[in-house]
$ cat final-v1.tsv   # TSV, C-alpha atoms
chain	number	residue	atom	x	y	z
A	1	MET	CA	-0.86	-24.63	-25.78
A	2	ARG	CA	0.00	-21.29	-24.19
A	3	ILE	CA	1.88	-20.94	-20.92
A	4	LEU	CA	1.22	-17.59	-19.24
A	5	ASP	CA	3.33	-16.55	-16.26
A	6	ILE	CA	1.35	-14.33	-13.88
A	7	GLY	CA	3.33	-11.80	-11.86
A	8	GLY	CA	3.42	-8.14	-11.08
A	9	PRO	CA	4.61	-5.39	-13.42
A	10	TRP	CA	8.21	-4.21	-13.48
A	11	PHE	CA	9.11	-0.53	-13.55
A	12	GLU	CA	9.59	-0.63	-17.34
A	13	ASP	CA	5.94	-1.72	-17.75
A	14	PHE	CA	4.48	1.53	-16.43
A	15	HIS	CA	3.53	4.64	-18.36
A	16	GLN	CA	1.79	7.90	-17.53
A	17	GLY	CA	-2.00	7.51	-17.56
A	18	LEU	CA	-2.04	3.72	-17.09
A	19	GLU	CA	-5.23	2.86	-15.19
A	20	PHE	CA	-6.47	-0.24	-13.41
A	21	ASP	CA	-9.06	-1.30	-10.88
A	22	ALA	CA	-9.86	-4.29	-8.67
A	23	PRO	CA	-12.97	-6.17	-7.58
A	24	ALA	CA	-15.27	-4.04	-5.46
A	25	VAL	CA	-15.45	-5.12	-1.82
A	26	THR	CA	-18.48	-5.03	0.48
A	27	LEU	CA	-17.53	-4.42	4.10
A	28	THR	CA	-19.20	-7.11	6.19
A	29	GLU	CA	-19.58	-7.91	9.87
A	30	GLY	CA	-17.17	-10.81	9.31
A	31	MET	CA	-14.48	-8.43	8.07
A	32	ALA	CA	-15.09	-6.15	11.05
A	33	ALA	CA	-14.75	-9.12	13.42
A	34	GLN	CA	-11.50	-10.19	11.77
A	35	TYR	CA	-10.13	-6.64	12.03
A	36	GLN	CA	-11.02	-6.57	15.73
A	37	ALA	CA	-9.37	-9.94	16.34
A	38	LEU	CA	-6.16	-8.76	14.69
A	39	PHE	CA	-5.81	-5.42	16.49
A	40	GLY	CA	-8.01	-5.24	19.60
A	41	ASP	CA	-8.95	-1.69	18.65
A	42	ARG	CA	-11.03	0.26	21.21
A	43	LEU	CA	-12.60	2.85	18.90
A	44	ARG	CA	-16.12	2.94	20.32
A	45	LEU	CA	-18.48	3.41	17.39
A	46	PRO	CA	-17.38	0.41	15.27
A	47	LEU	CA	-17.64	-1.72	18.43
A	48	ASP	CA	-20.96	-0.46	19.83
A	49	HIS	CA	-23.67	-0.68	17.17
A	50	HIS	CA	-26.29	0.91	19.43
A	51	ALA	CA	-24.07	3.94	20.08
A	52	SER	CA	-23.21	4.10	16.38
A	53	ARG	CA	-26.88	4.25	15.39
A	54	ALA	CA	-27.61	6.88	18.04
A	55	ILE	CA	-24.68	9.12	17.12
A	56	VAL	CA	-24.24	8.56	13.38
A	57	GLY	CA	-27.98	8.28	12.72
A	58	ALA	CA	-27.62	5.45	10.19
A	59	ALA	CA	-29.27	2.04	10.29
A	60	MET	CA	-25.97	0.25	9.66
A	61	PRO	CA	-23.07	0.66	12.13
A	62	LEU	CA	-19.95	2.65	11.34
A	63	ALA	CA	-17.11	0.64	9.81
A	64	HIS	CA	-13.71	1.25	11.31
A	65	PRO	CA	-12.14	4.00	9.18
A	66	LEU	CA	-8.86	2.10	8.94
A	67	LEU	CA	-10.67	-1.00	7.70
A	68	ALA	CA	-12.04	1.10	4.83
A	69	ILE	CA	-8.62	2.63	4.14
A	70	ASN	CA	-6.99	-0.82	4.22
A	71	VAL	CA	-9.37	-2.13	1.57
A	72	ALA	CA	-8.79	0.93	-0.65
A	73	ILE	CA	-5.02	0.53	-0.45
A	74	GLY	CA	-5.28	-3.20	-1.11
A	75	GLN	CA	-7.39	-2.54	-4.20
A	76	SER	CA	-4.58	-0.35	-5.57
A	77	THR	CA	-1.82	-2.95	-5.31
A	78	TRP	CA	-1.86	-4.41	-8.82
A	79	ALA	CA	0.83	-1.81	-9.52
A	80	SER	CA	2.90	-2.62	-6.44
A	81	GLN	CA	3.05	-6.41	-6.51
A	82	ARG	CA	6.85	-6.21	-6.68
A	83	VAL	CA	7.09	-3.34	-4.19
A	84	LYS	CA	10.41	-2.80	-2.38
A	85	ALA	CA	9.09	0.06	-0.23
A	86	ASN	CA	6.21	2.51	-0.12
A	87	LEU	CA	7.64	6.01	0.13
A	88	PHE	CA	4.72	8.30	0.95
A	89	TYR	CA	1.01	8.88	1.21
A	90	ARG	CA	-0.40	12.32	0.36
A	91	GLY	CA	-3.80	13.90	0.67
A	92	LEU	CA	-5.43	10.89	2.33
A	93	VAL	CA	-8.74	12.24	3.63
A	94	LEU	CA	-11.75	10.12	4.54
A	95	GLN	CA	-14.25	12.31	2.73
A	96	ARG	CA	-17.34	10.60	4.15
A	97	PRO	CA	-18.07	7.94	6.78
A	98	VAL	CA	-18.15	4.32	5.66
A	99	LEU	CA	-20.76	1.96	7.09
A	100	LEU	CA	-20.83	-1.82	7.27
A	101	GLY	CA	-22.63	-2.95	4.15
A	102	ASP	CA	-21.04	-0.28	1.98
A	103	THR	CA	-19.23	-1.49	-1.13
A	104	LEU	CA	-15.93	0.16	-2.02
A	105	HIS	CA	-14.44	0.39	-5.50
A	106	THR	CA	-11.00	1.87	-6.17
A	107	ARG	CA	-9.61	3.05	-9.47
A	108	THR	CA	-5.86	3.74	-9.69
A	109	ARG	CA	-3.90	5.80	-12.21
A	110	VAL	CA	-0.17	6.24	-12.80
A	111	VAL	CA	0.62	9.95	-12.56
A	112	GLY	CA	4.42	10.03	-12.29
A	113	LEU	CA	7.56	7.94	-12.88
A	114	ARG	CA	11.12	8.51	-11.69
A	115	GLN	CA	13.99	6.08	-11.93
A	116	ASN	CA	16.30	6.06	-8.94
A	117	ALA	CA	19.93	7.06	-9.34
A	118	ALA	CA	22.15	4.14	-10.29
A	119	LYS	CA	24.34	2.71	-7.55
A	120	ALA	CA	27.19	0.26	-7.96
A	121	GLY	CA	26.18	-3.27	-7.06
A	122	ARG	CA	22.49	-2.44	-6.83
A	123	ALA	CA	19.88	-3.41	-9.42
A	124	ALA	CA	17.92	-0.57	-11.01
A	125	THR	CA	14.65	0.54	-9.40
A	126	GLY	CA	12.11	3.28	-9.97
A	127	ILE	CA	9.33	5.10	-8.18
A	128	VAL	CA	5.75	4.99	-9.42
A	129	ALA	CA	3.38	7.75	-8.28
A	130	LEU	CA	-0.20	6.49	-8.06
A	131	GLU	CA	-3.44	8.44	-7.69
A	132	MET	CA	-6.33	6.53	-6.10
A	133	ALA	CA	-10.04	7.34	-6.06
A	134	THR	CA	-12.39	5.18	-3.99
A	135	THR	CA	-16.17	5.37	-4.34
A	136	ASN	CA	-19.06	3.63	-2.61
A	137	GLN	CA	-22.03	1.84	-4.14
A	138	ARG	CA	-23.78	5.19	-4.72
A	139	GLY	CA	-20.85	6.59	-6.67
A	140	GLU	CA	-19.89	8.97	-3.83
A	141	THR	CA	-16.19	9.62	-3.30
A	142	VAL	CA	-14.95	8.09	-0.06
A	143	LEU	CA	-11.19	8.51	-0.49
A	144	HIS	CA	-8.93	10.32	-2.93
A	145	PHE	CA	-5.20	10.11	-2.29
A	146	TRP	CA	-1.72	9.44	-3.66
A	147	ARG	CA	0.95	6.92	-2.75
A	148	CYS	CA	4.36	6.11	-4.15
A	149	PRO	CA	5.81	2.56	-4.26
A	150	MET	CA	9.38	1.73	-5.31
A	151	ILE	CA	9.43	-1.00	-7.98
A	152	PRO	CA	12.42	-2.97	-9.36
A	153	CYS	CA	13.34	-2.87	-13.03
A	154	ARG	CA	13.21	-6.04	-15.13
A	155	ASP	CA	16.66	-5.20	-16.47
A	156	PRO	CA	19.05	-4.68	-13.51
A	157	ALA	CA	20.99	-2.20	-15.67
A	158	ALA	CA	17.94	-0.41	-17.13
A	159	ASP	CA	18.02	3.28	-17.99
A	160	THR	CA	14.40	4.27	-18.63
A	161	GLY	CA	14.92	8.03	-18.66
A	162	HIS	CA	11.91	8.59	-16.38
A	163	ALA	CA	12.61	11.66	-14.24
A	164	ASP	CA	9.28	13.21	-13.18
A	165	ASP	CA	9.25	15.66	-10.26
A	166	LEU	CA	7.49	13.65	-7.56
A	167	ASP	CA	7.39	16.64	-5.21
A	168	ALA	CA	4.74	18.04	-7.54
A	169	ILE	CA	2.58	14.91	-7.30
A	170	GLY	CA	-0.59	15.11	-5.22
A	171	ARG	CA	-1.34	17.65	-2.55
A	172	ALA	CA	-1.08	17.92	1.19
A	173	THR	CA	-4.11	17.73	3.45
A	174	ASP	CA	-5.22	21.34	3.77
A	175	GLU	CA	-7.55	23.04	6.25
A	176	ALA	CA	-10.48	23.17	3.84
A	177	ALA	CA	-10.30	19.43	3.11
A	178	LEU	CA	-9.98	18.62	6.82
A	179	GLN	CA	-12.99	20.72	7.81
A	180	ALA	CA	-15.06	19.28	4.97
A	181	ALA	CA	-14.25	15.74	6.13
A	182	VAL	CA	-15.88	16.24	9.54
A	183	PRO	CA	-19.24	14.42	9.37
A	184	ARG	CA	-22.31	16.63	9.69
A	185	GLY	CA	-25.56	15.55	11.26
A	186	TRP	CA	-24.06	13.34	13.95
A	187	SER	CA	-25.64	13.69	17.40
A	188	LEU	CA	-22.81	13.81	19.93
A	189	GLY	CA	-25.08	13.87	22.99
A	190	PRO	CA	-24.63	10.16	23.88
A	191	ALA	CA	-20.85	10.65	23.88
A	192	GLY	CA	-21.27	12.92	26.91
A	193	ARG	CA	-21.82	9.80	29.05
A	194	TRP	CA	-18.49	8.27	28.11
A	195	LEU	CA	-15.80	8.23	30.77
A	196	GLY	CA	-12.17	8.87	29.91
A	197	ARG	CA	-10.26	11.59	28.09
A	198	CYS	CA	-11.99	13.89	25.64
A	199	ALA	CA	-10.68	16.95	23.82
A	200	ALA	CA	-11.22	19.22	26.85
A	201	ASP	CA	-8.76	17.09	28.85
A	202	LEU	CA	-5.92	17.55	26.35
A	203	ARG	CA	-3.33	20.27	25.75
A	204	PRO	CA	-1.00	20.75	22.80
A	205	GLY	CA	2.33	19.21	23.75
A	206	ASP	CA	0.84	16.36	25.80
A	207	VAL	CA	2.90	13.20	25.26
A	208	PHE	CA	1.49	9.71	25.77
A	209	ARG	CA	3.56	6.55	26.01
A	210	ILE	CA	1.74	3.21	25.84
A	211	GLU	CA	3.71	0.75	27.92
A	212	SER	CA	2.39	-2.60	26.74
A	213	ARG	CA	3.56	-3.89	23.37
A	214	ASP	CA	1.50	-5.91	20.91
A	215	THR	CA	2.97	-8.83	18.98
A	216	VAL	CA	2.47	-8.90	15.22
A	217	THR	CA	0.59	-12.04	14.20
A	218	SER	CA	-1.59	-13.14	11.25
A	219	ALA	CA	-0.06	-10.54	8.93
A	220	PRO	CA	-0.80	-12.45	5.67
A	221	GLU	CA	-4.47	-12.82	6.66
A	222	LEU	CA	-4.92	-9.05	6.66
A	223	VAL	CA	-3.12	-8.84	3.32
A	224	ARG	CA	-5.44	-11.40	1.72
A	225	THR	CA	-8.60	-9.87	3.18
A	226	SER	CA	-7.82	-6.51	1.57
A	227	LEU	CA	-6.86	-8.01	-1.84
A	228	ASN	CA	-3.31	-6.76	-1.29
A	229	MET	CA	-1.15	-8.32	-4.04
A	230	ALA	CA	2.32	-7.27	-2.83
A	231	MET	CA	4.40	-10.44	-3.11
A	232	ALA	CA	6.80	-9.64	-0.28
A	233	HIS	CA	3.92	-9.85	2.22
A	234	THR	CA	3.09	-13.47	1.44
A	235	ASP	CA	6.23	-14.98	-0.16
A	236	ALA	CA	9.59	-14.58	1.57
A	237	ARG	CA	11.41	-15.08	-1.76
A	238	PHE	CA	10.33	-11.60	-2.81
A	239	SER	CA	11.43	-9.90	0.41
A	240	TYR	CA	14.94	-8.53	0.76
A	241	LEU	CA	14.75	-9.55	4.43
A	242	GLY	CA	14.71	-13.28	3.70
A	243	GLU	CA	11.36	-13.53	5.50
A	244	ARG	CA	7.93	-12.07	4.83
A	245	LEU	CA	7.72	-8.30	5.08
A	246	VAL	CA	4.74	-7.22	7.16
A	247	TYR	CA	2.35	-4.92	5.28
A	248	GLY	CA	2.87	-1.34	6.47
A	249	GLY	CA	-0.83	-0.96	7.15
A	250	HIS	CA	-0.58	-3.70	9.77
A	251	THR	CA	1.85	-1.52	11.71
A	252	ILE	CA	-0.38	1.54	11.29
A	253	PHE	CA	-3.50	-0.26	12.49
A	254	MET	CA	-1.78	-1.80	15.50
A	255	SER	CA	-0.34	1.58	16.45
A	256	PHE	CA	-3.75	3.26	16.16
A	257	ALA	CA	-5.27	0.56	18.38
A	258	GLN	CA	-2.68	1.46	21.00
A	259	VAL	CA	-3.58	5.16	20.64
A	260	THR	CA	-7.19	4.29	21.50
A	261	ARG	CA	-6.02	2.96	24.87
A	262	ALA	CA	-4.93	6.48	25.77
A	263	LEU	CA	-7.77	8.28	23.95
A	264	PRO	CA	-10.78	5.96	24.32
A	265	ASN	CA	-13.35	8.52	23.16
A	266	LEU	CA	-12.20	9.35	19.64
A	267	LEU	CA	-15.15	9.45	17.26
A	268	THR	CA	-13.28	8.67	14.07
A	269	LEU	CA	-10.09	9.25	12.12
A	270	LEU	CA	-10.36	11.95	9.45
A	271	ALA	CA	-7.10	12.34	7.53
A	272	TRP	CA	-3.45	11.37	7.29
A	273	GLU	CA	-1.11	14.34	7.05
A	274	SER	CA	1.96	12.17	6.49
A	275	CYS	CA	2.93	8.55	7.00
A	276	ASP	CA	6.51	7.24	6.78
A	277	HIS	CA	7.57	3.64	7.28
A	278	THR	CA	11.07	4.17	8.64
A	279	ALA	CA	12.13	0.52	8.99
A	280	PRO	CA	10.71	-2.91	8.13
A	281	VAL	CA	8.48	-5.00	10.39
A	282	VAL	CA	8.36	-8.81	10.37
A	283	GLU	CA	6.00	-11.30	11.97
A	284	SER	CA	6.44	-11.66	15.77
A	285	ASP	CA	7.91	-8.16	16.16
A	286	ARG	CA	6.63	-6.49	19.32
A	287	LEU	CA	5.29	-2.97	18.70
A	288	ARG	CA	4.76	-0.08	21.09
A	289	THR	CA	3.53	3.45	20.45
A	290	GLU	CA	4.17	6.98	21.64
A	291	PHE	CA	2.27	10.03	20.46
A	292	THR	CA	2.14	13.77	20.96
A	293	VAL	CA	-0.92	15.99	20.73
A	294	THR	CA	0.45	18.74	18.47
A	295	ASP	CA	-2.71	20.76	17.74
A	296	ILE	CA	-6.30	21.07	18.91
A	297	ARG	CA	-8.83	22.96	16.81
A	298	PRO	CA	-12.57	23.45	17.16
A	299	ALA	CA	-14.60	21.37	14.75
A	300	PRO	CA	-17.13	23.18	12.55
A	301	ARG	CA	-19.93	24.60	14.68
A	302	ASP	CA	-22.55	22.43	13.02
A	303	ALA	CA	-20.56	19.30	13.90
A	304	GLY	CA	-19.32	19.91	17.45
A	305	GLY	CA	-16.33	18.52	19.28
A	306	ALA	CA	-12.70	19.21	18.38
A	307	LEU	CA	-10.08	18.15	15.87
A	308	LEU	CA	-6.90	16.60	17.25
A	309	ARG	CA	-3.61	16.47	15.38
A	310	LEU	CA	-1.55	13.55	16.65
A	311	HIS	CA	2.08	12.77	15.86
A	312	VAL	CA	2.57	9.04	16.37
A	313	THR	CA	5.83	7.12	16.53
A	314	CYS	CA	5.88	3.33	16.72
A	315	PHE	CA	8.84	1.18	17.76
A	316	ALA	CA	9.56	-2.50	17.11
A	317	ALA	CA	11.46	-4.90	19.35
A	318	ARG	CA	12.67	-8.15	17.82
A	319	GLY	CA	14.34	-11.31	19.03
A	320	PRO	CA	14.52	-13.08	22.39
A	321	ILE	CA	13.55	-11.27	25.58
A	322	VAL	CA	16.22	-11.07	28.28
A	323	PRO	CA	14.49	-10.62	31.67
A	324	GLY	CA	15.67	-7.51	33.48
A	325	SER	CA	17.33	-6.01	30.40
A	326	PRO	CA	15.92	-3.24	28.20
A	327	GLU	CA	14.80	-4.44	24.80
A	328	PRO	CA	16.61	-2.95	21.82
A	329	GLU	CA	14.07	-1.44	19.46
A	330	SER	CA	13.90	0.56	16.25
A	331	LEU	CA	11.58	3.28	14.98
A	332	VAL	CA	9.32	1.73	12.33
A	333	LEU	CA	6.56	4.32	11.87
A	334	ASP	CA	6.34	8.13	11.87
A	335	TRP	CA	2.72	9.12	11.32
A	336	LYS	CA	0.77	12.38	11.61
A	337	PHE	CA	-3.00	12.30	11.43
A	338	TRP	CA	-6.16	14.18	12.40
A	339	ALA	CA	-8.95	12.67	14.49
A	340	TRP	CA	-12.31	13.94	15.78
A	341	SER	CA	-13.09	13.91	19.50
A	342	PRO	CA	-16.13	14.99	21.53

$ encode --input "final-v1.tsv" --output "structure tokens"
Amino acid sequence: MRILDIGGPWFEDFHQGLEFDAPAVTLTEGMAAQYQALFGDRLRLPLDHHASRAIVGAAMPLAHPLLAINVAIGQSTWASQRVKANLFYRGLVLQRPVLLGDTLHTRTRVVGLRQNAAKAGRAATGIVALEMATTNQRGETVLHFWRCPMIPCRDPAADTGHADDLDAIGRATDEAALQAAVPRGWSLGPAGRWLGRCAADLRPGDVFRIESRDTVTSAPELVRTSLNMAMAHTDARFSYLGERLVYGGHTIFMSFAQVTRALPNLLTLLAWESCDHTAPVVESDRLRTEFTVTDIRPAPRDAGGALLRLHVTCFAARGPIVPGSPEPESLVLDWKFWAWSP
């Protein structure tokens, strides 16, 4: 009889070129409904199937871009089951729209390894640079990006010698990639009937502060839906906090939903320029968002509308509420992304 213990890889288990995949996932109306129940997002096209068909010109409605990104990240998490932190995302561009009914498949490759400097009283850890490529059922590339989880060593005193230059891993989102990501062939005419802010109402430097917080709930459900295997998100034993660590994507998606309260007419999200999780989030934290419009550029002439660069900061309040007293809060997310607006 064999006894096989199933757990995630330690830092010593990785090597350059190691590849893995995950089951492909078809985005369904049920998944879209669950996403909506979790975040209350007001992005119009995933909500309004008639408007989606009229504007996108496809028989199936547009899937929320962050639902697609969430599934792609979850499919890459075999490597990061023991994750302590995720340090960066680079080059994350939604290269084509994703529709409900599309099936996403992600293949992940190890492209860099660097052990962290030893510190007295702290077990050894290392950083694993991962390159992800996500395709749809037609073999078309949907996403291609890099991320970088920190993974503990099996041996607390390990010295692996890995010292790759992670600054050389991946590439930033450049102008050419951003322009190419803007969908062509959409008919923006119906968007002209929408009330609320559009690109013409905005100026670089505008700052928006969303007053109402949202409480983090059902965090493990999102993790399981996306096939996310990070242990700290479902088992408090693997979290340095002594309670489950909320998946960073949960914070991102909740913050974006708050952005859509201020900008109700965004067409879609196109690319992440940078995304830093600056502090942990746990279940029942109360999140609020501020953002600045830092750049507005015309979209390609054959697409229409404008490209908005938004710098988002999200803050978490934790613990009991004292009526009449300001809530102490901490910065948990610093995120810069590009979106498309009519």

$ closest_residue --input "final-v1.tsv" --among "A:Val83, A:Ala236, A:Val98, A:Ala72" --to "Ala58 in chain A" --atoms "only C-alpha atoms"
A:Val98

$ residues_near_point --input "final-v1.tsv" --point "(-5.5, 13.6, -1.1)" --cutoff "12 Å" --atoms "all atoms listed in the file" --output "ChimeraX atom specification"
/A:88-95,130-134,141-147,169-174,176-178,181,270-274

$ write_last_selection --input "final-v1.tsv" --atoms "C-alpha atoms" --output "CSV table (one decimal), in the frame of the given file"
chain,number,residue,atom,x,y,z
A,88,PHE,CA,4.7,8.3,1.0
A,89,TYR,CA,1.0,8.9,1.2
A,90,ARG,CA,-0.4,12.3,0.4
A,91,GLY,CA,-3.8,13.9,0.7
A,92,LEU,CA,-5.4,10.9,2.3
A,93,VAL,CA,-8.7,12.2,3.6
A,94,LEU,CA,-11.8,10.1,4.5
A,95,GLN,CA,-14.2,12.3,2.7
A,130,LEU,CA,-0.2,6.5,-8.1
A,131,GLU,CA,-3.4,8.4,-7.7
A,132,MET,CA,-6.3,6.5,-6.1
A,133,ALA,CA,-10.0,7.3,-6.1
A,134,THR,CA,-12.4,5.2,-4.0
A,141,THR,CA,-16.2,9.6,-3.3
A,142,VAL,CA,-15.0,8.1,-0.1
A,143,LEU,CA,-11.2,8.5,-0.5
A,144,HIS,CA,-8.9,10.3,-2.9
A,145,PHE,CA,-5.2,10.1,-2.3
A,146,TRP,CA,-1.7,9.4,-3.7
A,147,ARG,CA,1.0,6.9,-2.8
A,169,ILE,CA,2.6,14.9,-7.3
A,170,GLY,CA,-0.6,15.1,-5.2
A,171,ARG,CA,-1.3,17.6,-2.6
A,172,ALA,CA,-1.1,17.9,1.2
A,173,THR,CA,-4.1,17.7,3.4
A,174,ASP,CA,-5.2,21.3,3.8
A,176,ALA,CA,-10.5,23.2,3.8
A,177,ALA,CA,-10.3,19.4,3.1
A,178,LEU,CA,-10.0,18.6,6.8
A,181,ALA,CA,-14.2,15.7,6.1
A,270,LEU,CA,-10.4,12.0,9.4
A,271,ALA,CA,-7.1,12.3,7.5
A,272,TRP,CA,-3.4,11.4,7.3
A,273,GLU,CA,-1.1,14.3,7.0
A,274,SER,CA,2.0,12.2,6.5

$ atom_distance --input "final-v1.tsv" --atom1 "CA of Thr217 in chain A" --atom2 "CA of Val332 in chain A"
16.4 Å

$ closest_residue --input "final-v1.tsv" --among "A:Cys148, A:Leu263, A:Ala299, A:Leu100" --to "Arg53 in chain A" --atoms "only C-alpha atoms"
A:Leu100

$ atom_distance --input "final-v1.tsv" --atom1 "CA of Ala180 in chain A" --atom2 "CA of Leu267 in chain A"
15.7 Å

$ atom_distance --input "final-v1.tsv" --atom1 "CA of Ala317 in chain A" --atom2 "CA of Asp285 in chain A"
5.8 Å

$ closest_residue --input "final-v1.tsv" --among "A:Ala24, A:Val322, A:Leu266, A:Ala33" --to "Leu188 in chain A" --atoms "only C-alpha atoms"
A:Leu266

$ residues_around --input "final-v1.tsv" --residues "range 311-313 of chain A" --least-positions-apart "4" --cutoff "9 Å" --atoms "all atoms listed in the file" --output "PyMOL selection string"
chain A and resi 255-256+259+288-294+331-337

$ closest_residue --input "final-v1.tsv" --among "A:Asn265, A:Ser325, A:Asn86, A:Ser284" --to "Asp41 in chain A" --atoms "all atoms listed in the file"
A:Asn265

$ closest_residue --input "final-v1.tsv" --among "A:Pro264, A:Pro300, A:Leu18, A:Tyr240" --to "Leu47 in chain A" --atoms "only C-alpha atoms"
A:Pro264

$ residues_near_point --input "final-v1.tsv" --point "(4.9, 14.0, -14.7)" --cutoff "10 Å" --atoms "all atoms listed in the file" --output "PDB file with C-alpha atoms, keeping the file's coordinate frame"
ATOM      1  CA  GLN A  16       1.790   7.900 -17.530  1.00  0.00           C
ATOM      2  CA  GLY A  17      -2.000   7.510 -17.560  1.00  0.00           C
ATOM      3  CA  VAL A 110      -0.170   6.240 -12.800  1.00  0.00           C
ATOM      4  CA  VAL A 111       0.620   9.950 -12.560  1.00  0.00           C
ATOM      5  CA  GLY A 112       4.420  10.030 -12.290  1.00  0.00           C
ATOM      6  CA  LEU A 113       7.560   7.940 -12.880  1.00  0.00           C
ATOM      7  CA  ARG A 114      11.120   8.510 -11.690  1.00  0.00           C
ATOM      8  CA  ALA A 129       3.380   7.750  -8.280  1.00  0.00           C
ATOM      9  CA  HIS A 162      11.910   8.590 -16.380  1.00  0.00           C
ATOM     10  CA  ALA A 163      12.610  11.660 -14.240  1.00  0.00           C
ATOM     11  CA  ASP A 164       9.280  13.210 -13.180  1.00  0.00           C
ATOM     12  CA  ASP A 165       9.250  15.660 -10.260  1.00  0.00           C
ATOM     13  CA  LEU A 166       7.490  13.650  -7.560  1.00  0.00           C
ATOM     14  CA  ALA A 168       4.740  18.040  -7.540  1.00  0.00           C
ATOM     15  CA  ILE A 169       2.580  14.910  -7.300  1.00  0.00           C
TER      16      ILE A 169
END

$ residues_around --input "final-v1.tsv" --residues "range 218-224 of chain A" --least-positions-apart "3" --cutoff "12 Å" --atoms "only C-alpha atoms" --output "JSON, numbers by chain"
{"A": [31, 32, 33, 34, 35, 36, 37, 38, 39, 67, 70, 71, 72, 73, 74, 75, 77, 81, 215, 227, 228, 229, 230, 231, 232, 233, 234, 235, 236, 244, 245, 246, 247, 248, 249, 250, 251, 253, 254, 281, 282, 283, 284, 285]}

$ write_last_selection --input "final-v1.tsv" --atoms "C-alpha atoms" --output "compact mmCIF listing (two decimals), in the coordinates of the input"
# COMPACT_ATOMS: atom_id res chain seq x y z
CA MET A 31 -14.48 -8.43 8.07
CA ALA A 32 -15.09 -6.15 11.05
CA ALA A 33 -14.75 -9.12 13.42
CA GLN A 34 -11.50 -10.19 11.77
CA TYR A 35 -10.13 -6.64 12.03
CA GLN A 36 -11.02 -6.57 15.73
CA ALA A 37 -9.37 -9.94 16.34
CA LEU A 38 -6.16 -8.76 14.69
CA PHE A 39 -5.81 -5.42 16.49
CA LEU A 67 -10.67 -1.00 7.70
CA ASN A 70 -6.99 -0.82 4.22
CA VAL A 71 -9.37 -2.13 1.57
CA ALA A 72 -8.79 0.93 -0.65
CA ILE A 73 -5.02 0.53 -0.45
CA GLY A 74 -5.28 -3.20 -1.11
CA GLN A 75 -7.39 -2.54 -4.20
CA THR A 77 -1.82 -2.95 -5.31
CA GLN A 81 3.05 -6.41 -6.51
CA THR A 215 2.97 -8.83 18.98
CA LEU A 227 -6.86 -8.01 -1.84
CA ASN A 228 -3.31 -6.76 -1.29
CA MET A 229 -1.15 -8.32 -4.04
CA ALA A 230 2.32 -7.27 -2.83
CA MET A 231 4.40 -10.44 -3.11
CA ALA A 232 6.80 -9.64 -0.28
CA HIS A 233 3.92 -9.85 2.22
CA THR A 234 3.09 -13.47 1.44
CA ASP A 235 6.23 -14.98 -0.16
CA ALA A 236 9.59 -14.58 1.57
CA ARG A 244 7.93 -12.07 4.83
CA LEU A 245 7.72 -8.30 5.08
CA VAL A 246 4.74 -7.22 7.16
CA TYR A 247 2.35 -4.92 5.28
CA GLY A 248 2.87 -1.34 6.47
CA GLY A 249 -0.83 -0.96 7.15
CA HIS A 250 -0.58 -3.70 9.77
CA THR A 251 1.85 -1.52 11.71
CA PHE A 253 -3.50 -0.26 12.49
CA MET A 254 -1.78 -1.80 15.50
CA VAL A 281 8.48 -5.00 10.39
CA VAL A 282 8.36 -8.81 10.37
CA GLU A 283 6.00 -11.30 11.97
CA SER A 284 6.44 -11.66 15.77
CA ASP A 285 7.91 -8.16 16.16

$ closest_residue --input "final-v1.tsv" --among "A:Ala59, A:Leu104, A:Leu45, A:Val128" --to "His15 in chain A" --atoms "all atoms listed in the file"
A:Val128
